[in-house]
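Trainee: Mind looking over this structure? Questions follow.
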Amino acid sequence: MMAMLVRRALSSRNAIGFLRRSSVVVVQSRDFSIISSPNLMMVGRDLQFDVSMPDFLRDTRRGFAKGKKSKDDSATGMVDAAPDIGPTVKAAASSQMEAAIDALSRDLTKLRTGRAAPGMLDHIVVETGGVKMPLNHLALVSVLDPKTLSVNPYDPDTVKELEKAIVASPLGLNPKLDGQRLVASIPALTKEHIQAMCKIVTKSSEVVKQSIRRARQKALDTIKKAGSSLPKDEVKRLEKEVDELTKKFVKSAEDMCKSKEKEITEA
């Protein structure tokens with residue numbers, strides 16, 4: 001009965017046309033089998049049915065198998081997040097600006113006013129035993145009163161070298177030996193000296209501002225280089241924060257210089 005049904009199916013026009021378009025058809029049962037191709041048909045036992053896929057279906061399946069990505073797929077792919085350079089840029093700029101402020105503080109301390117200050121002698125270099133060293137490495141400087149400094153050497157044998165270095169400095173001091181220490185009276189400032197000191201303060205203020213602005217420009221250049229990988233809002237935010245940092249340090253420098261000028265003029 002099964003064989004009869006198969007023969008009828010194969011004898012129909014549609015089945016024959018399908019077989020001719022197909023590469024191989026195998027029909028198998030327990031009694032016989034038929035193998036059909038465009039040029040060959042064979043009959044035998046153990047019949048099974050297997051129809052290979054038409055070309056247009058096979059091509060379609062091949063396209064899906066390759067898993068080709070569309071433009072939309074690539075557009076929606078994952079994008080590496082840009083690194084957060086903000087903290088690094090601001091930390092570097094802040095460090096450079098702080099260094100400029102520290103240098104200004106040291107320079108202002110060197111200026112003599114009409115009042116005694118321990119840091120007045122820090123910049124003096126003393127030569128002892130053939131070695132040059134900062135004075136504050138060889139002695140403890142303290143204030144006895146607003147007009148008098150005390151210089152206590154760590155090694156009493158260096159007192160003569162300390163005295164020589166202080167006298168040779170541009171501060172105009174003439175220390176006196178008092179036991180194992182030196183005592184230096186701060187002379188009153190002349191009008192000319194006051195004017196000269198104020199000019200030095202103004203120049204120091206401009207120098208430190210330039211250093212701060214260079215640190216600002218360096219930070220902005222770093223942000224600009226990374227701008228292509230950062231959102232525009234992020235770039236603007238970082239630039240604004242660097243500008244605010246710059247204003248903060250510039251104001252600090254101005255306040256320090258104004259304070260020093262007041263100290264000089266009111267001495």
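Residues are referred to by chain and number: the chain letter is A, B, ... according to the order shown in the structure tokens, the number counts from 1 in that chain, and ligands are numbered separately from 1 in the order shown.
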Taking 2 positions as the minimum chain separation for residues in the same chain, which residues sit within 9 Å of range 156-171 of chain A when counting only C-alpha atoms? Answer as number ranges by chain.
Mentor: A: 110-112, 120-121, 124-128, 135, 138-139, 151-154, 173-177, 180-182
Trainee: Can you write just those residues out, C-alpha atoms, as a compact mmCIF listing (two decimals), in the first residue's frame?
Mentor:
```txt
# COMPACT_ATOMS: atom_id res chain seq x y z
CA LYS A 110 63.59 87.41 52.05
CA LEU A 111 62.56 91.07 51.83
CA ARG A 112 63.56 93.08 54.86
CA MET A 120 64.38 86.99 56.94
CA LEU A 121 67.66 85.05 57.10
CA ILE A 124 71.48 83.54 53.42
CA VAL A 125 74.12 80.96 52.48
CA VAL A 126 76.94 80.30 54.97
CA GLU A 127 80.29 78.76 54.03
CA THR A 128 81.81 76.68 56.81
CA LEU A 135 71.78 79.58 57.42
CA LEU A 138 73.22 75.84 60.88
CA ALA A 139 71.29 77.94 63.39
CA VAL A 151 70.63 83.63 65.88
CA ASN A 152 71.58 80.53 67.93
CA PRO A 153 74.09 78.27 66.13
CA TYR A 154 73.74 74.49 66.52
CA LEU A 173 72.15 93.97 59.31
CA ASN A 174 75.07 94.27 61.75
CA PRO A 175 74.74 91.41 64.29
CA LYS A 176 76.55 91.47 67.64
CA LEU A 177 77.95 88.51 69.56
CA GLN A 180 77.23 81.92 72.04
CA ARG A 181 74.56 83.59 69.93
CA LEU A 182 74.22 86.55 67.58
```
Trainee: List the neighbours of Thr148 in chain A out to 7 Å using only C-alpha atoms; skip same-chain residues closer than 4 positions along the sequence, and give me the result as number ranges by chain.
Mentor: A: 116, 143-144, 183-186
Trainee: At a cut-off of 9 Å, using only C-alpha atoms, what residues contact range 209-211 of chain A? Leave out same-chain residues fewer than 2 positions from it and give the result as a VMD selection string.
Mentor: chain A and resid 96 to 97 100 204 to 207 213 to 216 249 to 250 253 to 254
Trainee: One decimal, in Å: what's the spacing between CA of Lys218 in chain A and CA of Ala93 in chain A?
Mentor: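 Computing it gives 7.7 Å between the two atoms.
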Trainee: If you run DSSP on the backbone, which residues of range 165-236 of chain A are alpha helix (DSSP H), as a ChimeraX atom specification?
Mentor: /A:165-168,191-225,232-236
Trainee: Please provide the set of residues having any atom within 12 Å of Leu108 in chain A, restricted to only C-alpha atoms, with same-chain residues fewer than 6 positions apart removed, written as number ranges by chain.
Mentor: A: 101-102, 117, 119-123, 197-205, 208, 253, 256-261, 263-264
Trainee: Looking at only C-alpha atoms, which of A:Thr88, A:Gln195, A:Ser252, A:Gln217 is the one that sits closest to Glu239 in chain A?
Mentor: A:Gln217
Trainee: One decimal, Å: what's the distance from CA of Glu241 in chain A over to CA of Lys90 in chain A, could you say?
Mentor: 7.9 Å
Trainee: Per DSSP on the backbone, what are the strand (DSSP E) residues of range 143-257 of chain A, as a ChimeraX atom specification?
Mentor: /A:143-145,148-153,176-178,181-185
